[in-house]
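Student: Take this structure, written in structure tokens, and hold onto it; I'll ask about it next.
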Amino acid sequence: MYDFTRKAYKVLFNRHLINLLRTHHIDTVLDVGANRGQFGSLLRKLGFKGTILSFEPLADTFNLLEKCSKHDANWHIYNFALGDSPGSHALNVLHGRGLSSFLEPSAYCRDFLQKKSSIDESLCVSVKTLDAIFADLPCDDTSRIHLKMDTQGYDLRVFAGARETLKAVQTMQAELSIHALYEGMPDYLTALTAYAEAGFYPSGWFPILRDEVSLIECDVLMARNP
């Protein structure tokens, strides 16, 4: 039953996402935490023809992102992480590669995801802020931006480093954890409060991860309060 529900939510998410982008005339997507390029590929599948700017710090995963985007002249990729301050930070590479994070897995995460949550290695990666690099990106203050964040507990750090960039952001997408998967990550109420204070309010909620009785993590799509 859950597998059926998850597939149904993916269909609803895809429909809601592309409608949101079209309604707000989005021409640029900042794909933060791009992994292998799954989100960029989804955007193209859904008919988005604007600029995609994807950020992925892990070298081997970045190579897969490069292969995914190489025939798309309007898809630009960057091999560094984004956060609230520039520098080099240790990234925990988990056995479930898509779960890799600057934070350590929580006891709840280790119990629920087991082997996938084990740390295989720790790598030093470059971190920049969106505000610091915005002038060098193929977009400007006139762009209408969708900011997508999928950084495994680090979304608010990315958000904090984008205060000036937010002037061009019309819609957003972030992960919210009901049960913390990483040590020290903000809870979902803290995250929602920060987004609301910046003028962004939920447009749709879509489960990512749950057990038989509880919602663990979800994607939230947001738009500026009209």
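Convention: chains lettered A, B, ... in structure tokens order; per-chain residue numbering from 1; ligands numbered from 1 as shown.
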Contacts of A:Phe80 at 10 Å or less, counting only C-alpha atoms, minus same-chain residues fewer than 3 places along, as a list of chain:residue names?
Tutor: A:Val32, A:Gly33, A:Ser54, A:Phe55, A:Glu56, A:Pro57, A:Leu58, A:Ala59, A:Phe62, A:Ile77, A:Ser88, A:Val125, A:Ser126, A:Val127, A:Lys128
Student: Atoms to include: all heavy atoms. Write the selected residues as an mmCIF file, in the first residue's frame.
Tutor:
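File produced: again-v7.cif:
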```
data_model
loop_
_atom_site.group_PDB
_atom_site.id
_atom_site.type_symbol
_atom_site.label_atom_id
_atom_site.label_comp_id
_atom_site.auth_asym_id
_atom_site.auth_seq_id
_atom_site.Cartn_x
_atom_site.Cartn_y
_atom_site.Cartn_z
ATOM 1 N N VAL A 32 20.436 22.738 -5.684
ATOM 2 C CA VAL A 32 21.463 22.604 -4.646
ATOM 3 C C VAL A 32 21.371 21.213 -4.016
ATOM 4 O O VAL A 32 20.353 20.856 -3.420
ATOM 5 C CB VAL A 32 21.291 23.690 -3.567
ATOM 6 C CG1 VAL A 32 22.436 23.600 -2.558
ATOM 7 C CG2 VAL A 32 21.234 25.076 -4.207
ATOM 8 N N GLY A 33 22.446 20.461 -4.158
ATOM 9 C CA GLY A 33 22.428 19.055 -3.773
ATOM 10 C C GLY A 33 21.930 18.236 -4.945
ATOM 11 O O GLY A 33 20.940 17.511 -4.863
ATOM 12 N N SER A 54 23.295 23.427 -11.272
ATOM 13 C CA SER A 54 23.353 22.307 -10.330
ATOM 14 C C SER A 54 24.661 22.325 -9.545
ATOM 15 O O SER A 54 25.738 22.498 -10.116
ATOM 16 C CB SER A 54 23.218 20.974 -11.070
ATOM 17 O OG SER A 54 21.928 20.832 -11.636
ATOM 18 N N PHE A 55 24.549 22.077 -8.236
ATOM 19 C CA PHE A 55 25.708 22.095 -7.339
ATOM 20 C C PHE A 55 25.846 20.738 -6.652
ATOM 21 O O PHE A 55 24.903 20.272 -5.999
ATOM 22 C CB PHE A 55 25.537 23.191 -6.293
ATOM 23 C CG PHE A 55 25.343 24.553 -6.887
ATOM 24 C CD1 PHE A 55 24.077 24.989 -7.269
ATOM 25 C CD2 PHE A 55 26.420 25.395 -7.098
ATOM 26 C CE1 PHE A 55 23.892 26.253 -7.834
ATOM 27 C CE2 PHE A 55 26.247 26.655 -7.668
ATOM 28 C CZ PHE A 55 24.979 27.081 -8.041
ATOM 29 N N GLU A 56 27.019 20.115 -6.804
ATOM 30 C CA GLU A 56 27.278 18.797 -6.216
ATOM 31 C C GLU A 56 28.750 18.710 -5.803
ATOM 32 O O GLU A 56 29.638 18.806 -6.652
ATOM 33 C CB GLU A 56 26.931 17.688 -7.205
ATOM 34 C CG GLU A 56 27.337 16.297 -6.772
ATOM 35 C CD GLU A 56 26.807 15.919 -5.410
ATOM 36 O OE1 GLU A 56 25.592 16.147 -5.151
ATOM 37 O OE2 GLU A 56 27.595 15.405 -4.581
ATOM 38 N N PRO A 57 29.041 18.511 -4.507
ATOM 39 C CA PRO A 57 30.439 18.541 -4.053
ATOM 40 C C PRO A 57 31.235 17.252 -4.212
ATOM 41 O O PRO A 57 32.453 17.292 -4.324
ATOM 42 C CB PRO A 57 30.297 18.899 -2.565
ATOM 43 C CG PRO A 57 28.963 18.330 -2.179
ATOM 44 C CD PRO A 57 28.094 18.495 -3.396
ATOM 45 N N LEU A 58 30.587 16.090 -4.199
ATOM 46 C CA LEU A 58 31.312 14.823 -4.262
ATOM 47 C C LEU A 58 31.830 14.556 -5.679
ATOM 48 O O LEU A 58 31.052 14.561 -6.634
ATOM 49 C CB LEU A 58 30.425 13.665 -3.813
ATOM 50 C CG LEU A 58 30.175 13.539 -2.309
ATOM 51 C CD1 LEU A 58 29.196 12.408 -2.024
ATOM 52 C CD2 LEU A 58 31.483 13.312 -1.570
ATOM 53 N N ALA A 59 33.130 14.306 -5.805
ATOM 54 C CA ALA A 59 33.758 14.202 -7.122
ATOM 55 C C ALA A 59 33.177 13.082 -7.969
ATOM 56 O O ALA A 59 32.880 13.273 -9.159
ATOM 57 C CB ALA A 59 35.271 14.020 -6.963
ATOM 58 N N PHE A 62 29.697 13.921 -8.940
ATOM 59 C CA PHE A 62 29.752 15.021 -9.898
ATOM 60 C C PHE A 62 30.054 14.502 -11.305
ATOM 61 O O PHE A 62 29.526 15.024 -12.298
ATOM 62 C CB PHE A 62 30.819 16.028 -9.470
ATOM 63 C CG PHE A 62 30.921 17.217 -10.378
ATOM 64 C CD1 PHE A 62 30.043 18.278 -10.261
ATOM 65 C CD2 PHE A 62 31.902 17.272 -11.368
ATOM 66 C CE1 PHE A 62 30.135 19.377 -11.105
ATOM 67 C CE2 PHE A 62 31.992 18.357 -12.215
ATOM 68 C CZ PHE A 62 31.108 19.425 -12.079
ATOM 69 N N ILE A 77 26.870 23.084 -14.315
ATOM 70 C CA ILE A 77 27.141 22.306 -13.113
ATOM 71 C C ILE A 77 28.385 22.831 -12.396
ATOM 72 O O ILE A 77 29.314 23.350 -13.023
ATOM 73 C CB ILE A 77 27.301 20.801 -13.441
ATOM 74 C CG1 ILE A 77 28.441 20.568 -14.434
ATOM 75 C CG2 ILE A 77 25.991 20.241 -14.008
ATOM 76 C CD1 ILE A 77 28.705 19.090 -14.719
ATOM 77 N N SER A 88 36.391 25.130 3.687
ATOM 78 C CA SER A 88 36.444 23.699 3.396
ATOM 79 C C SER A 88 35.898 22.955 4.608
ATOM 80 O O SER A 88 36.284 23.252 5.743
ATOM 81 C CB SER A 88 37.889 23.262 3.108
ATOM 82 O OG SER A 88 38.382 23.910 1.947
ATOM 83 N N VAL A 125 35.552 19.025 1.351
ATOM 84 C CA VAL A 125 35.004 19.618 0.133
ATOM 85 C C VAL A 125 34.927 21.132 0.277
ATOM 86 O O VAL A 125 34.863 21.676 1.380
ATOM 87 C CB VAL A 125 33.600 19.057 -0.203
ATOM 88 C CG1 VAL A 125 33.655 17.546 -0.393
ATOM 89 C CG2 VAL A 125 32.595 19.428 0.872
ATOM 90 N N SER A 126 34.927 21.805 -0.855
ATOM 91 C CA SER A 126 34.826 23.263 -0.890
ATOM 92 C C SER A 126 33.378 23.698 -0.680
ATOM 93 O O SER A 126 32.448 23.103 -1.242
ATOM 94 C CB SER A 126 35.328 23.781 -2.240
ATOM 95 O OG SER A 126 35.131 25.167 -2.351
ATOM 96 N N VAL A 127 33.195 24.724 0.147
ATOM 97 C CA VAL A 127 31.869 25.278 0.424
ATOM 98 C C VAL A 127 31.875 26.771 0.112
ATOM 99 O O VAL A 127 32.811 27.493 0.499
ATOM 100 C CB VAL A 127 31.460 25.061 1.897
ATOM 101 C CG1 VAL A 127 30.069 25.629 2.151
ATOM 102 C CG2 VAL A 127 31.510 23.590 2.264
ATOM 103 N N LYS A 128 30.865 27.236 -0.599
ATOM 104 C CA LYS A 128 30.712 28.656 -0.908
ATOM 105 C C LYS A 128 29.293 29.085 -0.544
ATOM 106 O O LYS A 128 28.447 28.256 -0.221
ATOM 107 C CB LYS A 128 30.990 28.902 -2.397
ATOM 108 C CG LYS A 128 32.373 28.437 -2.835
ATOM 109 C CD LYS A 128 32.634 28.714 -4.302
ATOM 110 C CE LYS A 128 34.003 28.167 -4.717
ATOM 111 N NZ LYS A 128 34.349 28.506 -6.122
#
```
Student: DSSP on the backbone: what in stretch 39-198 of chain A comes out strand (DSSP E or B), as a ChimeraX atom specification?
Tutor: /A:51-55,75-78,81-82,87-94,101,105,119-128,145-149,169-177,182
Student: With only C-alpha atoms as the basis for distance, which of A:Leu17, A:Val11, A:Ile52, A:Leu103 is at the shortest distance from A:Gly204?
Tutor: A:Leu17
Student: So that I can see what lies close to A:Gly50, please list as a PyMOL selection string the residues with an atom at most 8 Å from it, counting only C-alpha atoms and leaving out residues fewer than 5 positions away in the same chain.
Tutor: chain A and resi 26-29+74
Student: Could you pull out the residues in stretch 1-193 of chain A that DSSP calls helix (DSSP H, G or I) from the backbone, as JSON, numbers by chain?
Tutor: {"A": [2, 3, 4, 5, 6, 7, 8, 9, 10, 11, 12, 13, 14, 15, 16, 17, 18, 19, 20, 21, 22, 23, 38, 39, 40, 41, 42, 43, 44, 45, 59, 60, 61, 62, 63, 64, 65, 66, 67, 68, 69, 97, 98, 99, 107, 108, 109, 110, 111, 112, 113, 114, 115, 116, 117, 130, 131, 132, 133, 134, 135, 136, 155, 156, 157, 158, 159, 160, 165, 166, 167, 168, 188, 189, 190, 191, 192, 193]}
Student: With the cut-off set at 9 Å and counting only C-alpha atoms, tabulate each residue of stretch 3-96 of chain A with an atom at most that distance from an atom of stretch 130-141 of chain A, showing the nearest atom pair and its distance in Å to one decimal, ordered by chain and increasing number, as a Markdown table.
Tutor:
```
| residue | atom | partner | partner_atom | distance |
| --- | --- | --- | --- | --- |
| A:Thr28 | CA | A:Cys139 | CA | 7.4 |
| A:Thr51 | CA | A:Pro138 | CA | 8.2 |
| A:Leu53 | CA | A:Leu137 | CA | 8.2 |
| A:His76 | CA | A:Pro138 | CA | 8.6 |
| A:Leu82 | CA | A:Leu130 | CA | 6.6 |
| A:Gly83 | CA | A:Leu130 | CA | 7.7 |
| A:Asp84 | CA | A:Leu130 | CA | 8.4 |
| A:Pro86 | CA | A:Ala132 | CA | 8.6 |
```
Student: With N, CA, C and O atoms retained, export the selected residues as a PDB file, in the first residue's frame.
Tutor:
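The file below, part26.pdb, is the result:
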```
ATOM      1  N   THR A  28      14.907  30.145 -14.138  1.00  0.00           N
ATOM      2  CA  THR A  28      16.179  29.620 -13.647  1.00  0.00           C
ATOM      3  C   THR A  28      15.945  28.769 -12.408  1.00  0.00           C
ATOM      4  O   THR A  28      15.204  29.185 -11.502  1.00  0.00           O
ATOM      5  N   THR A  51      17.085  27.780 -17.531  1.00  0.00           N
ATOM      6  CA  THR A  51      18.444  27.500 -17.080  1.00  0.00           C
ATOM      7  C   THR A  51      18.427  26.673 -15.799  1.00  0.00           C
ATOM      8  O   THR A  51      17.666  26.965 -14.872  1.00  0.00           O
ATOM      9  N   LEU A  53      21.069  25.331 -12.814  1.00  0.00           N
ATOM     10  CA  LEU A  53      22.392  25.473 -12.212  1.00  0.00           C
ATOM     11  C   LEU A  53      22.481  24.467 -11.076  1.00  0.00           C
ATOM     12  O   LEU A  53      21.809  24.603 -10.051  1.00  0.00           O
ATOM     13  N   HIS A  76      24.090  24.032 -16.316  1.00  0.00           N
ATOM     14  CA  HIS A  76      25.438  24.322 -15.850  1.00  0.00           C
ATOM     15  C   HIS A  76      25.685  23.635 -14.503  1.00  0.00           C
ATOM     16  O   HIS A  76      24.799  23.623 -13.644  1.00  0.00           O
ATOM     17  N   LEU A  82      27.227  24.336  -1.127  1.00  0.00           N
ATOM     18  CA  LEU A  82      26.782  25.658  -0.697  1.00  0.00           C
ATOM     19  C   LEU A  82      26.420  25.618   0.785  1.00  0.00           C
ATOM     20  O   LEU A  82      25.943  24.602   1.290  1.00  0.00           O
ATOM     21  N   GLY A  83      26.659  26.725   1.456  1.00  0.00           N
ATOM     22  CA  GLY A  83      26.356  26.804   2.877  1.00  0.00           C
ATOM     23  C   GLY A  83      26.223  28.241   3.317  1.00  0.00           C
ATOM     24  O   GLY A  83      25.947  29.134   2.497  1.00  0.00           O
ATOM     25  N   ASP A  84      26.447  28.510   4.624  1.00  0.00           N
ATOM     26  CA  ASP A  84      26.290  29.857   5.156  1.00  0.00           C
ATOM     27  C   ASP A  84      27.604  30.601   5.302  1.00  0.00           C
ATOM     28  O   ASP A  84      27.622  31.779   5.658  1.00  0.00           O
ATOM     29  N   PRO A  86      31.950  30.525   3.596  1.00  0.00           N
ATOM     30  CA  PRO A  86      32.901  29.868   2.691  1.00  0.00           C
ATOM     31  C   PRO A  86      33.987  29.132   3.465  1.00  0.00           C
ATOM     32  O   PRO A  86      34.272  29.432   4.623  1.00  0.00           O
TER      33      PRO A  86
END
```
Student: Can you tell me how far atom CA of A:Ala174 sits from atom CA of A:Glu66, in Å to one decimal?
Tutor: 23.3 Å
Student: Separation of atom CA of A:Pro207 and atom CA of A:Asp111, in Å?
Tutor: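 Here the two named atoms are 19.8 Å from each other.
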Student: Take atom CA of A:Tyr154 and atom CA of A:Ser101 and report the distance between them in Å, one decimal.
Tutor: 7.6 Å
Student: Give me the residues within 10 Å of A:Leu156 as a tab-separated table (two decimals) with all heavy atoms, in the first residue's frame, counting only C-alpha atoms and dropping any in the same chain fewer than 6 places off.
Tutor:
```tsv
chain	number	residue	atom	x	y	z
A	83	GLY	N	26.66	26.73	1.46
A	83	GLY	CA	26.36	26.80	2.88
A	83	GLY	C	26.22	28.24	3.32
A	83	GLY	O	25.95	29.13	2.50
A	84	ASP	N	26.45	28.51	4.62
A	84	ASP	CA	26.29	29.86	5.16
A	84	ASP	C	27.60	30.60	5.30
A	84	ASP	O	27.62	31.78	5.66
A	84	ASP	CB	25.56	29.82	6.50
A	84	ASP	CG	26.27	28.95	7.52
A	84	ASP	OD1	27.17	28.17	7.15
A	84	ASP	OD2	25.91	29.03	8.72
A	149	MET	N	16.56	22.85	-2.60
A	149	MET	CA	17.60	22.43	-1.66
A	149	MET	C	17.36	20.99	-1.22
A	149	MET	O	16.26	20.66	-0.77
A	149	MET	CB	17.63	23.36	-0.45
A	149	MET	CG	17.94	24.81	-0.79
A	149	MET	SD	17.87	25.92	0.65
A	149	MET	CE	16.10	25.94	0.97
A	162	ALA	N	22.15	32.88	1.38
A	162	ALA	CA	21.53	33.35	0.14
A	162	ALA	C	20.61	34.55	0.38
A	162	ALA	O	19.65	34.75	-0.36
A	162	ALA	CB	20.75	32.21	-0.51
A	174	ALA	N	12.34	22.52	-0.32
A	174	ALA	CA	13.26	22.10	0.74
A	174	ALA	C	12.78	20.79	1.34
A	174	ALA	O	11.61	20.42	1.21
A	174	ALA	CB	13.37	23.17	1.82
A	175	GLU	N	13.72	20.10	2.00
A	175	GLU	CA	13.37	18.91	2.75
A	175	GLU	C	13.08	19.27	4.20
A	175	GLU	O	13.78	20.10	4.78
A	175	GLU	CB	14.53	17.90	2.72
A	175	GLU	CG	14.67	17.15	1.43
A	175	GLU	CD	15.70	16.04	1.52
A	175	GLU	OE1	16.60	16.12	2.37
A	175	GLU	OE2	15.59	15.09	0.74
A	185	MET	N	20.55	18.93	13.33
A	185	MET	CA	19.79	19.57	12.26
A	185	MET	C	18.57	20.28	12.83
A	185	MET	O	17.99	19.84	13.83
A	185	MET	CB	19.37	18.56	11.19
A	185	MET	CG	18.30	17.57	11.61
A	185	MET	SD	17.78	16.50	10.24
A	185	MET	CE	17.03	17.70	9.12
A	186	PRO	N	18.14	21.41	12.24
A	186	PRO	CA	16.95	22.11	12.73
A	186	PRO	C	15.70	21.26	12.52
A	186	PRO	O	15.62	20.51	11.55
A	186	PRO	CB	16.90	23.37	11.86
A	186	PRO	CG	18.26	23.49	11.24
A	186	PRO	CD	18.79	22.09	11.11
A	190	THR	N	11.29	24.91	13.04
A	190	THR	CA	12.32	25.94	12.93
A	190	THR	C	12.54	26.33	11.48
A	190	THR	O	12.64	27.52	11.13
A	190	THR	CB	13.63	25.46	13.55
A	190	THR	OG1	13.42	25.16	14.93
A	190	THR	CG2	14.73	26.51	13.43
A	191	ALA	N	12.62	25.32	10.61
A	191	ALA	CA	12.84	25.58	9.19
A	191	ALA	C	11.67	26.35	8.59
A	191	ALA	O	11.86	27.35	7.88
A	191	ALA	CB	13.05	24.27	8.45
A	192	LEU	N	10.45	25.92	8.86
A	192	LEU	CA	9.27	26.60	8.31
A	192	LEU	C	9.19	28.04	8.79
A	192	LEU	O	8.80	28.94	8.03
A	192	LEU	CB	8.01	25.84	8.70
A	192	LEU	CG	7.73	24.55	7.93
A	192	LEU	CD1	6.54	23.81	8.55
A	192	LEU	CD2	7.47	24.83	6.46
A	194	ALA	N	11.75	29.99	9.59
A	194	ALA	CA	12.77	30.76	8.88
A	194	ALA	C	12.30	31.09	7.46
A	194	ALA	O	12.49	32.22	6.98
A	194	ALA	CB	14.08	29.98	8.84
A	195	TYR	N	11.69	30.13	6.78
A	195	TYR	CA	11.21	30.37	5.42
A	195	TYR	C	10.07	31.39	5.42
A	195	TYR	O	10.02	32.28	4.57
A	195	TYR	CB	10.75	29.06	4.78
A	195	TYR	CG	11.84	28.02	4.67
A	195	TYR	CD1	11.56	26.66	4.87
A	195	TYR	CD2	13.15	28.37	4.39
A	195	TYR	CE1	12.55	25.70	4.79
A	195	TYR	CE2	14.16	27.42	4.30
A	195	TYR	CZ	13.85	26.08	4.50
A	195	TYR	OH	14.84	25.13	4.42
```
Student: Restricting the calculation to only C-alpha atoms, which member of A:Lys10, A:His146, A:Arg157, A:Lys49 is positioned closest to A:Ala81?
Tutor: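 The shortest atom-to-atom distance to A:Ala81 comes from A:Arg157.
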Student: As a PyMOL selection string, please: the residues near A:Gly40 (cut-off 10 Å, only C-alpha atoms, same-chain neighbours under 3 positions excluded).
Tutor: chain A and resi 29-31+34-37+43-46+48+51-54+65+68-69+75
Student: Can you spit out the residues from that selection as a compact mmCIF listing (two decimals), in the first residue's frame, using all heavy atoms?
Tutor:
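Saved file part.txt follows:
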```
# COMPACT_ATOMS: atom_id res chain seq x y z
N VAL A 29 16.56 27.60 -12.36
CA VAL A 29 16.46 26.72 -11.19
C VAL A 29 17.85 26.54 -10.60
O VAL A 29 18.79 26.15 -11.30
CB VAL A 29 15.86 25.35 -11.56
CG1 VAL A 29 15.94 24.40 -10.36
CG2 VAL A 29 14.41 25.51 -12.00
N LEU A 30 17.98 26.82 -9.30
CA LEU A 30 19.20 26.53 -8.55
C LEU A 30 19.01 25.18 -7.89
O LEU A 30 18.21 25.03 -6.96
CB LEU A 30 19.46 27.61 -7.50
CG LEU A 30 19.60 29.04 -8.02
CD1 LEU A 30 19.86 30.00 -6.86
CD2 LEU A 30 20.71 29.14 -9.05
N ASP A 31 19.72 24.19 -8.38
CA ASP A 31 19.58 22.79 -7.96
C ASP A 31 20.70 22.48 -6.96
O ASP A 31 21.76 22.00 -7.34
CB ASP A 31 19.67 21.91 -9.22
CG ASP A 31 19.66 20.42 -8.93
OD1 ASP A 31 19.21 20.02 -7.84
OD2 ASP A 31 20.13 19.67 -9.80
N ALA A 34 22.66 18.37 -6.07
CA ALA A 34 22.16 17.82 -7.34
C ALA A 34 22.33 16.32 -7.46
O ALA A 34 21.67 15.68 -8.28
CB ALA A 34 22.88 18.49 -8.51
N ASN A 35 23.26 15.74 -6.68
CA ASN A 35 23.54 14.32 -6.77
C ASN A 35 23.90 13.96 -8.21
O ASN A 35 24.73 14.60 -8.82
CB ASN A 35 22.37 13.51 -6.21
CG ASN A 35 22.74 12.09 -5.83
OD1 ASN A 35 22.38 11.14 -6.52
ND2 ASN A 35 23.47 11.93 -4.74
N ARG A 36 23.26 12.97 -8.79
CA ARG A 36 23.62 12.52 -10.14
C ARG A 36 22.86 13.26 -11.24
O ARG A 36 23.00 12.94 -12.41
CB ARG A 36 23.34 11.01 -10.28
CG ARG A 36 24.04 10.15 -9.25
CD ARG A 36 23.86 8.68 -9.54
NE ARG A 36 22.47 8.28 -9.74
CZ ARG A 36 21.64 7.95 -8.76
NH1 ARG A 36 22.05 7.99 -7.50
NH2 ARG A 36 20.40 7.58 -9.02
N GLY A 37 22.03 14.23 -10.84
CA GLY A 37 21.27 14.98 -11.83
C GLY A 37 19.83 14.55 -11.97
O GLY A 37 19.17 14.89 -12.96
N LEU A 43 13.16 17.92 -14.39
CA LEU A 43 12.70 19.21 -14.91
C LEU A 43 12.58 19.17 -16.43
O LEU A 43 11.59 19.65 -16.99
CB LEU A 43 13.68 20.31 -14.51
CG LEU A 43 13.70 20.72 -13.04
CD1 LEU A 43 14.83 21.70 -12.78
CD2 LEU A 43 12.36 21.31 -12.61
N ARG A 44 13.57 18.61 -17.08
CA ARG A 44 13.50 18.52 -18.55
C ARG A 44 12.36 17.61 -19.00
O ARG A 44 11.66 17.90 -19.97
CB ARG A 44 14.84 18.03 -19.11
CG ARG A 44 16.00 19.00 -18.91
CD ARG A 44 15.71 20.34 -19.54
NE ARG A 44 16.90 21.20 -19.57
CZ ARG A 44 16.89 22.47 -19.23
NH1 ARG A 44 15.75 23.05 -18.84
NH2 ARG A 44 17.99 23.20 -19.29
N LYS A 45 12.17 16.52 -18.28
CA LYS A 45 11.09 15.59 -18.62
C LYS A 45 9.73 16.27 -18.48
O LYS A 45 8.80 16.00 -19.26
CB LYS A 45 11.16 14.36 -17.69
CG LYS A 45 10.11 13.32 -17.97
CD LYS A 45 10.26 12.12 -17.03
CE LYS A 45 9.19 11.07 -17.29
NZ LYS A 45 9.33 9.92 -16.34
N LEU A 46 9.62 17.18 -17.51
CA LEU A 46 8.36 17.88 -17.27
C LEU A 46 8.16 19.07 -18.21
O LEU A 46 7.11 19.71 -18.19
CB LEU A 46 8.29 18.36 -15.82
CG LEU A 46 8.24 17.27 -14.74
CD1 LEU A 46 8.27 17.89 -13.35
CD2 LEU A 46 7.00 16.40 -14.91
N PHE A 48 10.41 21.82 -18.56
CA PHE A 48 11.08 23.07 -18.20
C PHE A 48 12.25 23.30 -19.15
O PHE A 48 13.13 22.46 -19.29
CB PHE A 48 11.58 23.01 -16.76
CG PHE A 48 12.33 24.24 -16.32
CD1 PHE A 48 11.65 25.42 -16.07
CD2 PHE A 48 13.71 24.22 -16.17
CE1 PHE A 48 12.34 26.57 -15.68
CE2 PHE A 48 14.41 25.35 -15.77
CZ PHE A 48 13.72 26.53 -15.52
N THR A 51 17.09 27.78 -17.53
CA THR A 51 18.44 27.50 -17.08
C THR A 51 18.43 26.67 -15.80
O THR A 51 17.67 26.96 -14.87
CB THR A 51 19.19 28.82 -16.82
OG1 THR A 51 19.22 29.59 -18.02
CG2 THR A 51 20.62 28.56 -16.35
N ILE A 52 19.27 25.64 -15.76
CA ILE A 52 19.46 24.83 -14.55
C ILE A 52 20.89 25.00 -14.09
O ILE A 52 21.83 24.83 -14.87
CB ILE A 52 19.17 23.34 -14.82
CG1 ILE A 52 17.75 23.13 -15.34
CG2 ILE A 52 19.39 22.52 -13.53
CD1 ILE A 52 17.45 21.70 -15.76
N LEU A 53 21.07 25.33 -12.81
CA LEU A 53 22.39 25.47 -12.21
C LEU A 53 22.48 24.47 -11.08
O LEU A 53 21.81 24.60 -10.05
CB LEU A 53 22.59 26.89 -11.68
CG LEU A 53 22.28 28.03 -12.66
CD1 LEU A 53 22.45 29.38 -11.98
CD2 LEU A 53 23.15 27.94 -13.89
N SER A 54 23.30 23.43 -11.27
CA SER A 54 23.35 22.31 -10.33
C SER A 54 24.66 22.32 -9.55
O SER A 54 25.74 22.50 -10.12
CB SER A 54 23.22 20.97 -11.07
OG SER A 54 21.93 20.83 -11.64
N LEU A 65 26.88 13.45 -12.70
CA LEU A 65 26.11 14.65 -13.03
C LEU A 65 26.58 15.25 -14.35
O LEU A 65 25.78 15.68 -15.18
CB LEU A 65 26.24 15.66 -11.90
CG LEU A 65 25.66 17.06 -12.13
CD1 LEU A 65 24.15 17.00 -12.33
CD2 LEU A 65 26.01 17.97 -10.94
N CYS A 68 25.26 13.32 -17.20
CA CYS A 68 23.82 13.53 -17.35
C CYS A 68 23.50 14.85 -18.04
O CYS A 68 22.53 14.94 -18.79
CB CYS A 68 23.18 13.49 -15.96
SG CYS A 68 21.38 13.59 -15.94
N SER A 69 24.33 15.86 -17.82
CA SER A 69 24.02 17.21 -18.29
C SER A 69 24.81 17.64 -19.53
O SER A 69 24.56 18.73 -20.07
CB SER A 69 24.30 18.21 -17.17
OG SER A 69 25.68 18.19 -16.80
N TRP A 75 22.24 23.76 -19.08
CA TRP A 75 22.37 23.11 -17.76
C TRP A 75 23.83 23.23 -17.34
O TRP A 75 24.72 22.63 -17.94
CB TRP A 75 21.93 21.65 -17.87
CG TRP A 75 21.87 20.90 -16.57
CD1 TRP A 75 22.32 21.31 -15.35
CD2 TRP A 75 21.31 19.60 -16.37
NE1 TRP A 75 22.08 20.35 -14.39
CE2 TRP A 75 21.45 19.29 -15.00
CE3 TRP A 75 20.72 18.66 -17.21
CZ2 TRP A 75 21.03 18.07 -14.46
CZ3 TRP A 75 20.28 17.47 -16.68
CH2 TRP A 75 20.43 17.18 -15.31
```
Student: Taking only C-alpha atoms into account, name the residue in A:Asn92, A:Ser203, A:Asn225, A:Ser214 that is nearest to A:Asn19.
Tutor: A:Ser203
Student: In terms of the shortest atom-to-atom distance over only C-alpha atoms, which of A:Ser85, A:Ser100, A:Thr142, A:Asn14 is closest to A:Val158?
Tutor: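 Looking at the shortest contact to A:Val158, the residue is A:Ser85.
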